[in-house]
>>> print(open('target.csv').read())   # CSV, C-alpha atoms and all ligand atoms
chain,number,residue,atom,x,y,z
A,1,MET,CA,211.3,96.2,78.4
A,2,ASN,CA,210.6,94.3,81.6
A,3,ARG,CA,207.5,92.4,80.5
A,4,THR,CA,206.9,90.8,83.9
A,5,THR,CA,206.9,93.8,86.2
A,6,ASN,CA,205.0,95.9,83.7
A,7,GLN,CA,201.9,93.7,83.8
A,8,PRO,CA,198.6,95.6,84.3
A,9,ASP,CA,196.6,94.6,87.3
A,10,ARG,CA,193.0,93.3,87.1
A,11,ALA,CA,191.3,96.7,87.4
A,12,THR,CA,193.6,98.2,84.8
A,13,GLN,CA,192.9,95.3,82.4
A,14,ILE,CA,189.2,95.8,82.7
A,15,GLU,CA,189.7,99.6,82.2
A,16,ILE,CA,191.7,98.9,79.1
A,17,TYR,CA,188.9,96.7,77.8
A,18,ARG,CA,186.3,99.3,78.6
A,19,ARG,CA,188.2,101.9,76.6
A,20,MET,CA,188.6,99.4,73.7
A,21,ALA,CA,184.9,98.6,73.7
A,22,LEU,CA,184.0,102.3,73.8
A,23,LEU,CA,186.3,103.0,70.8
A,24,LYS,CA,184.9,100.1,68.8
A,25,ALA,CA,181.3,101.1,69.5
A,26,ASN,CA,182.0,104.7,68.7
A,27,ASP,CA,183.6,103.9,65.3
A,28,GLU,CA,180.6,101.6,64.4
A,29,ARG,CA,178.2,104.4,65.3
A,30,SER,CA,180.2,106.9,63.2
A,31,ARG,CA,180.2,104.8,60.1
A,32,LYS,CA,176.5,104.0,60.6
A,33,LEU,CA,175.5,107.7,60.9
A,34,VAL,CA,177.5,108.6,57.8
A,35,THR,CA,176.4,105.7,55.6
A,36,THR,CA,172.8,106.3,56.5
A,37,GLY,CA,173.1,110.0,55.6
A,38,ARG,CA,172.3,111.4,59.1
A,39,LEU,CA,175.7,113.1,59.3
A,40,VAL,CA,177.9,114.4,56.6
A,41,MET,CA,181.6,114.4,57.4
A,42,PRO,CA,184.9,113.0,56.2
A,43,TYR,CA,185.4,109.9,58.3
A,44,TYR,CA,188.7,108.1,58.8
A,45,SER,CA,187.9,104.8,60.6
A,46,TYR,CA,190.4,103.7,63.3
A,47,ARG,CA,188.6,100.3,63.6
A,48,GLY,CA,191.3,97.7,64.4
A,49,GLN,CA,193.6,100.1,66.1
A,50,GLU,CA,191.7,100.4,69.5
A,51,VAL,CA,194.4,98.7,71.6
A,52,ILE,CA,197.1,101.3,71.1
A,53,PRO,CA,195.4,104.3,72.8
A,54,ALA,CA,193.4,102.2,75.3
A,55,ALA,CA,196.5,100.5,76.7
A,56,LEU,CA,198.7,103.6,76.5
A,57,THR,CA,196.4,106.2,78.0
A,58,VAL,CA,195.8,104.2,81.3
A,59,ASN,CA,199.4,105.2,82.0
A,60,LEU,CA,198.7,109.0,81.6
A,61,SER,CA,197.1,111.6,83.8
A,62,ASP,CA,194.5,114.1,82.7
A,63,ASP,CA,197.2,116.8,82.7
A,64,ASP,CA,199.5,114.9,80.2
A,65,TYR,CA,199.3,116.2,76.7
A,66,LEU,CA,198.1,114.4,73.6
A,67,CYS,CA,198.5,115.5,70.0
A,68,THR,CA,196.8,113.3,67.3
A,69,ILE,CA,195.6,113.1,63.8
A,70,TYR,CA,192.4,113.0,61.7
A,71,ARG,CA,192.1,109.2,62.4
A,72,GLY,CA,192.6,109.8,66.1
A,73,VAL,CA,189.1,109.9,67.6
A,74,HIS,CA,190.1,106.7,69.3
A,75,ASP,CA,193.1,108.5,70.9
A,76,MET,CA,190.9,111.3,72.1
A,77,LEU,CA,188.1,109.1,73.5
A,78,ALA,CA,190.7,107.0,75.4
A,79,LYS,CA,192.2,110.2,76.8
A,80,GLY,CA,188.8,111.2,78.1
A,81,MET,CA,187.1,113.5,75.6
A,82,PRO,CA,183.4,113.6,76.8
A,83,LEU,CA,181.0,111.9,74.3
A,84,ASN,CA,178.3,114.6,74.2
A,85,ALA,CA,180.7,117.4,73.4
A,86,LEU,CA,182.6,115.2,71.0
A,87,TRP,CA,179.5,114.3,69.0
A,88,ALA,CA,178.3,117.9,69.1
A,89,GLU,CA,181.6,119.1,67.6
A,90,ILE,CA,181.5,116.4,64.9
A,91,ALA,CA,178.0,117.7,64.1
A,92,GLY,CA,179.2,121.3,64.1
A,93,ARG,CA,177.1,122.4,67.0
A,94,ALA,CA,177.6,125.2,69.5
A,95,THR,CA,177.8,122.7,72.4
A,96,GLY,CA,180.8,120.9,70.9
A,97,VAL,CA,184.3,120.9,72.3
A,98,CYS,CA,185.3,123.7,70.0
A,99,LYS,CA,181.9,125.4,69.9
A,100,GLY,CA,181.2,123.7,66.6
A,101,LYS,CA,184.0,125.6,64.8
A,102,GLY,CA,186.6,122.8,64.7
A,103,GLY,CA,184.5,120.0,63.3
A,104,PRO,CA,185.7,116.3,63.1
A,105,MET,CA,189.2,117.2,61.8
A,106,HIS,CA,190.2,119.7,64.4
A,107,LEU,CA,189.0,118.4,67.8
A,108,THR,CA,190.7,119.7,70.9
A,109,TYR,CA,189.9,119.4,74.6
A,110,PRO,CA,192.6,121.0,76.8
A,111,ALA,CA,190.8,120.1,80.0
A,112,LYS,CA,191.9,116.5,79.4
A,113,GLY,CA,195.2,117.4,77.7
A,114,ILE,CA,193.9,116.8,74.2
A,115,MET,CA,195.7,119.7,72.5
A,116,VAL,CA,195.5,119.2,68.8
A,117,THR,CA,194.0,117.1,66.0
A,118,THR,CA,195.7,117.7,62.7
A,119,GLY,CA,195.2,116.8,59.1
A,120,ILE,CA,198.8,117.8,58.3
A,121,VAL,CA,200.7,114.6,58.2
A,122,GLY,CA,203.6,114.6,60.6
A,123,SER,CA,202.7,117.8,62.4
A,124,SER,CA,201.6,116.2,65.7
A,125,LEU,CA,205.3,115.5,66.5
A,126,PRO,CA,206.7,119.0,66.6
A,127,ILE,CA,203.6,120.3,68.4
A,128,ALA,CA,204.1,117.6,71.1
A,129,ASN,CA,207.7,118.6,71.4
A,130,GLY,CA,206.6,122.2,72.1
A,131,LEU,CA,204.3,121.1,74.8
A,132,ALA,CA,206.9,118.8,76.3
A,133,TRP,CA,209.4,121.6,76.2
A,134,ALA,CA,207.0,123.8,78.1
A,135,ALA,CA,206.5,121.1,80.7
A,136,GLN,CA,210.3,120.6,81.0
A,137,LEU,CA,210.8,124.4,81.5
A,138,SER,CA,208.1,124.7,84.1
A,139,GLY,CA,208.9,121.4,85.8
A,140,ASP,CA,205.2,120.6,86.1
A,141,GLY,CA,205.8,116.9,85.6
A,142,ARG,CA,203.6,116.6,82.5
A,143,ILE,CA,204.6,114.6,79.5
A,144,ALA,CA,203.4,114.7,75.9
A,145,VAL,CA,202.4,111.9,73.5
A,146,ALA,CA,202.4,112.3,69.8
A,147,MET,CA,200.3,109.9,67.8
A,148,PHE,CA,200.9,109.5,64.1
A,149,GLY,CA,200.9,107.0,61.3
A,150,ASP,CA,203.5,105.0,59.4
A,151,GLY,CA,203.3,107.4,56.5
A,152,ALA,CA,204.2,110.3,58.8
A,153,SER,CA,207.5,108.7,59.5
A,154,ASN,CA,208.6,109.6,56.0
A,155,ILE,CA,207.9,113.3,56.5
A,156,GLY,CA,210.6,115.8,57.4
A,157,ALA,CA,208.8,116.9,60.6
A,158,PHE,CA,209.1,113.4,62.0
A,159,HIS,CA,212.9,113.5,61.7
A,160,GLU,CA,213.3,117.0,62.9
A,161,ALA,CA,211.1,116.3,65.9
A,162,LEU,CA,213.0,113.1,66.9
A,163,ASN,CA,216.3,114.9,66.6
A,164,LEU,CA,215.3,117.9,68.8
A,165,ALA,CA,213.5,115.8,71.4
A,166,SER,CA,216.6,113.6,71.7
A,167,VAL,CA,219.1,116.6,72.0
A,168,TRP,CA,216.9,118.3,74.6
A,169,LYS,CA,215.8,115.1,76.4
A,170,LEU,CA,212.2,116.2,76.1
A,171,PRO,CA,209.5,114.4,78.0
A,172,VAL,CA,207.7,113.0,75.0
A,173,VAL,CA,206.5,109.6,73.7
A,174,PHE,CA,206.3,109.2,69.9
A,175,VAL,CA,203.7,106.6,69.0
A,176,CYS,CA,203.6,105.4,65.4
A,177,GLN,CA,200.4,103.5,64.8
A,178,ASN,CA,201.7,101.4,61.9
A,179,ASN,CA,198.5,100.3,60.2
A,180,LEU,CA,200.5,99.2,57.1
A,181,TYR,CA,199.0,101.8,54.8
A,182,ALA,CA,199.5,105.5,54.2
A,183,GLU,CA,196.4,106.6,52.3
A,184,HIS,CA,196.5,104.1,49.4
A,185,THR,CA,200.1,103.1,49.6
A,186,ALA,CA,201.3,100.0,51.4
A,187,PHE,CA,203.9,100.5,54.1
A,188,ALA,CA,206.7,98.6,52.3
A,189,LYS,CA,206.1,100.5,49.0
A,190,GLY,CA,206.7,103.9,50.6
A,191,THR,CA,209.1,103.5,53.5
A,192,SER,CA,212.9,102.9,53.1
A,193,ALA,CA,213.2,101.2,56.6
A,194,LYS,CA,211.9,97.8,57.3
A,195,ARG,CA,210.7,99.0,60.6
A,196,VAL,CA,209.9,102.6,61.8
A,197,ALA,CA,211.5,101.7,65.1
A,198,ASP,CA,214.8,101.3,63.4
A,199,ARG,CA,214.8,105.0,62.7
A,200,GLY,CA,215.2,105.6,66.5
A,201,VAL,CA,218.9,104.6,66.2
A,202,ALA,CA,219.6,107.7,64.0
A,203,TYR,CA,218.4,109.9,66.9
A,204,ASP,CA,220.0,108.0,69.7
A,205,MET,CA,216.6,107.2,71.2
A,206,PRO,CA,215.1,104.1,72.8
A,207,ALA,CA,212.8,102.6,70.2
A,208,GLU,CA,210.8,99.5,70.0
A,209,ARG,CA,208.4,97.8,67.6
A,210,VAL,CA,205.5,96.2,69.5
A,211,ASN,CA,202.4,94.2,68.8
A,212,GLY,CA,200.0,97.1,69.0
A,213,ASN,CA,197.1,94.7,69.0
A,214,ASP,CA,198.2,93.0,72.2
A,215,PRO,CA,196.9,95.1,75.2
A,216,ILE,CA,199.4,93.6,77.7
A,217,GLU,CA,202.5,94.2,75.5
A,218,MET,CA,201.3,97.6,74.5
A,219,TYR,CA,200.6,98.6,78.1
A,220,GLY,CA,204.0,97.4,79.3
A,221,VAL,CA,206.0,99.3,76.6
A,222,ALA,CA,203.9,102.4,77.0
A,223,LYS,CA,204.3,102.3,80.8
A,224,GLU,CA,208.1,102.2,80.5
A,225,ALA,CA,208.2,105.0,78.0
A,226,VAL,CA,205.9,107.2,80.0
A,227,ALA,CA,208.0,106.6,83.2
A,228,ARG,CA,211.2,107.4,81.3
A,229,ALA,CA,209.8,110.7,80.0
A,230,ARG,CA,208.5,111.6,83.5
A,231,ALA,CA,211.8,110.8,85.2
A,232,GLY,CA,213.7,113.1,82.8
A,233,GLY,CA,215.1,110.2,80.7
A,234,GLY,CA,213.9,111.8,77.4
A,235,PRO,CA,211.9,110.6,74.5
A,236,THR,CA,211.0,107.1,73.3
A,237,LEU,CA,209.8,106.0,69.9
A,238,ILE,CA,207.2,103.2,69.9
A,239,GLU,CA,206.1,101.6,66.6
A,240,ALA,CA,202.9,99.8,67.4
A,241,MET,CA,202.0,97.3,64.7
A,242,THR,CA,198.3,97.2,63.9
A,243,PHE,CA,195.9,97.1,60.9
A,244,ARG,CA,193.3,99.5,59.5
A,245,PHE,CA,190.2,97.4,58.9
A,246,HIS,CA,188.6,99.9,56.4
A,247,GLY,CA,189.9,102.1,53.6
A,248,HIS,CA,191.7,105.4,54.2
A,249,VAL,CA,188.5,107.4,54.3
A,250,LEU,CA,184.9,106.1,54.5
A,251,GLY,CA,183.7,105.5,50.9
A,252,ASP,CA,187.1,104.4,49.7
A,253,ALA,CA,186.7,101.2,47.8
A,254,ASP,CA,190.0,99.9,49.3
A,255,GLY,CA,190.7,97.7,46.2
A,256,TYR,CA,194.4,98.4,46.7
A,257,MET,CA,194.4,96.6,50.0
A,258,ASP,CA,195.5,92.9,50.2
A,259,GLU,CA,192.1,91.2,50.7
A,260,GLY,CA,193.7,88.1,52.4
A,261,GLN,CA,195.6,90.2,54.8
A,262,LYS,CA,192.5,92.3,55.5
A,263,GLN,CA,190.4,89.2,56.2
A,264,ALA,CA,193.0,87.7,58.5
A,265,ALA,CA,193.3,91.0,60.4
A,266,MET,CA,189.5,91.2,60.8
A,267,LYS,CA,189.4,87.6,62.0
A,268,ALA,CA,192.0,88.5,64.6
A,269,ASP,CA,189.9,91.5,65.8
A,270,PRO,CA,191.7,92.6,69.0
A,271,VAL,CA,188.5,93.7,70.8
A,272,PRO,CA,186.6,90.4,70.9
A,273,LEU,CA,189.9,88.6,71.4
A,274,TYR,CA,190.8,90.6,74.5
A,275,ARG,CA,187.2,90.2,75.8
A,276,ALA,CA,187.5,86.4,75.5
A,277,LYS,CA,190.9,86.5,77.3
A,278,LEU,CA,189.5,88.5,80.2
A,279,LEU,CA,186.7,85.9,80.6
A,280,ALA,CA,189.1,82.9,80.2
A,281,ASP,CA,191.6,84.4,82.7
A,282,GLY,CA,188.7,84.9,85.2
A,283,LEU,CA,189.3,88.6,85.4
A,284,ALA,CA,185.8,89.6,84.4
A,285,GLY,CA,182.4,87.9,84.1
A,286,GLU,CA,180.1,87.8,81.0
A,287,ALA,CA,177.3,89.7,82.7
A,288,GLN,CA,179.7,92.4,83.9
A,289,LEU,CA,181.1,93.0,80.3
A,290,ALA,CA,177.7,92.8,78.7
A,291,GLU,CA,176.4,95.4,81.1
A,292,MET,CA,179.4,97.6,80.4
A,293,GLU,CA,178.9,97.3,76.6
A,294,ALA,CA,175.2,98.1,76.9
A,295,GLY,CA,176.0,101.2,79.0
A,296,ILE,CA,178.4,102.4,76.2
A,297,GLU,CA,175.6,102.0,73.6
A,298,ARG,CA,173.3,104.0,75.9
A,299,GLU,CA,175.9,106.8,76.3
A,300,LEU,CA,176.3,106.9,72.5
A,301,ASP,CA,172.5,107.1,72.0
A,302,GLU,CA,172.4,110.0,74.4
A,303,ALA,CA,175.4,111.8,72.8
A,304,VAL,CA,174.1,111.5,69.3
A,305,THR,CA,170.7,112.8,70.4
A,306,PHE,CA,172.3,115.6,72.3
A,307,ALA,CA,174.4,116.6,69.3
A,308,LEU,CA,171.7,116.6,66.8
A,309,ALA,CA,169.3,118.5,69.1
A,310,SER,CA,171.9,121.2,69.7
A,311,THR,CA,171.9,124.5,67.9
A,312,LEU,CA,174.5,125.6,65.3
A,313,PRO,CA,177.0,128.3,66.4
A,314,ASP,CA,175.7,131.8,66.1
A,315,ILE,CA,177.2,133.9,63.3
A,316,SER,CA,178.7,136.3,65.9
A,317,GLU,CA,181.0,133.4,66.9
A,318,MET,CA,182.6,133.3,63.5
A,319,ARG,CA,185.7,135.4,64.3
A,320,ARG,CA,185.9,134.6,68.0
A,321,ASP,CA,188.7,132.2,69.2
A,322,VAL,CA,190.5,132.7,65.9
A,323,TYR,CA,193.2,135.1,67.1
A,324,ALA,CA,194.5,135.8,70.6
A,325,THR,CA,193.1,139.1,71.9
A,326,GLU,CA,195.8,139.6,74.4
A,327,LEU,CA,199.3,138.3,75.0
A,328,THR,CA,200.2,137.2,78.6
A,329,GLU,CA,203.7,136.8,79.9
B,401,LIG,C1,201.9,117.1,54.8
B,401,LIG,C2,200.8,116.3,54.2
B,401,LIG,N1,201.2,115.5,53.1
B,401,LIG,C3,200.2,114.8,52.5
B,401,LIG,C4,198.9,114.7,53.0
B,401,LIG,C5,197.9,113.8,52.4
B,401,LIG,N2,197.6,112.7,53.2
B,401,LIG,C6,196.5,112.6,54.1
B,401,LIG,S1,196.5,111.2,55.0
B,401,LIG,C7,197.9,110.7,54.3
B,401,LIG,C8,198.5,109.3,54.7
B,401,LIG,C9,199.1,109.3,56.0
B,401,LIG,O1,199.3,108.0,56.4
B,401,LIG,P1,199.8,107.5,57.8
B,401,LIG,O2,200.7,108.5,58.4
B,401,LIG,O3,200.2,106.1,57.8
B,401,LIG,O4,198.4,107.7,58.7
B,401,LIG,P2,197.1,106.8,58.6
B,401,LIG,O5,196.1,107.6,57.8
B,401,LIG,O6,197.4,105.5,58.1
B,401,LIG,O7,196.5,106.8,60.0
B,401,LIG,C10,198.4,111.6,53.3
B,401,LIG,C11,199.6,111.3,52.6
B,401,LIG,C12,198.6,115.5,54.1
B,401,LIG,N3,197.4,115.5,54.7
B,401,LIG,N4,199.6,116.3,54.7
B,402,MG,MG,199.1,104.4,58.1
>>> encode(input="target.csv", output="structure tokens")
Amino acid sequence: MNRTTNQPDRATQIEIYRRMALLKANDERSRKLVTTGRLVMPYYSYRGQEVIPAALTVNLSDDDYLCTIYRGVHDMLAKGMPLNALWAEIAGRATGVCKGKGGPMHLTYPAKGIMVTTGIVGSSLPIANGLAWAAQLSGDGRIAVAMFGDGASNIGAFHEALNLASVWKLPVVFVCQNNLYAEHTAFAKGTSAKRVADRGVAYDMPAERVNGNDPIEMYGVAKEAVARARAGGGPTLIEAMTFRFHGHVLGDADGYMDEGQKQAAMKADPVPLYRAKLLADGLAGEAQLAEMEAGIERELDEAVTFALASTLPDISEMRRDVYATELTE
């Protein structure tokens, strides 16, 4: 990767931070609402992994496709899912992105290219391939991004998807968010390869392990992969190293996690670190960032109020949107 020419400009750096701050605040709000009993849902915290989607999605257009997983609310927000409709969906309300019928595990928002959220480990990759293939056939210039975890790289669908994407030179970027755990199993205990990126060799695909907590590095590698896909150069595998601050699912006692490693990761929290870097580099001012963060909190207040005040879907909605009613050419 050319790390010099791929540097984000000032406006892009501030936008990456805005997305990171939004994701962090949204995660904190989610955990608060669940732990205080105001919302009941399974919640998979992405706290600690904010840099990856924030620095990647600034390289995408609204039309580009994103397929992600149960932990991927950060991916969706970074890609532009509107907060009110997101929170309404989480709360199962008719005003939600899926009319309250998807819930927190199955969020979609095709208007911003957010095509699927899946709880089936590894399934975001072949779905992204299908979308990338459609883009390739129609020549519409879109690309697809598949987000998945380190554990997913041990699933058959990962290997099948990388193989086919390479053979057909599909415009797809595979992004493994390696948070060092798959449920309760540490990465090294369940994965034969030392690095997920090494698996790219088997599929004749450019692959790189990057520091997924470094916005500048993540941005540069993502930019190159997106440009390659868009130019017809085929797929890329990015292994973005990060850390999951909390257990697999909210309520998990996380006793299986290495406490020292966890404390060190939390001390190196990428969100305040990047904030401090922007200030030190003179790219943003304290008042500007404080105002931005206060604005995010206000938007979250509004979204939660909107969601909880919205009505539940009507019973007549139960079977609508389940099956296609007509097939088009
Ligand atoms: C096909 C399949 N197998 C097993 C599971 C159970 N399961 C849910 S999450 C998970 C761990 C996935 O870990 P990883 O891919 O690293 O993603 P992370 O949760 O760390 O983001 C497993 C095994 C599942 N949902 N789907
Ligand atoms: Mg993982």
>>> residues_around(input="target.csv", residues="Met41 in chain A", least_positions_apart="5", cutoff="8 Å", atoms="only C-alpha atoms", output="ChimeraX atom specification")
/A:34,90,104
>>> residues_near_ligand(input="target.csv", ligand="ligand MG 402 (chain B)", cutoff="9 Å", atoms="only C-alpha atoms and all ligand atoms", output="PyMOL selection string")
chain A and resi 148-152+176-183+185-187+243-244+248
>>> closest_residue(input="target.csv", among="A:Tyr17, A:Ile120, A:Glu317, A:Ala144", to="Ser61 in chain A", atoms="all atoms listed in the file")
A:Ala144
>>> closest_residue(input="target.csv", among="A:Val201, A:Ala21, A:Ala94, A:Val210", to="Ser316 in chain A", atoms="all atoms listed in the file")
A:Ala94
>>> atom_distance(input="target.csv", atom1="CA of Cys98 in chain A", atom2="CA of Leu308 in chain A")
15.7 Å
>>> atom_distance(input="target.csv", atom1="CA of Glu293 in chain A", atom2="CA of Gln263 in chain A")
24.8 Å
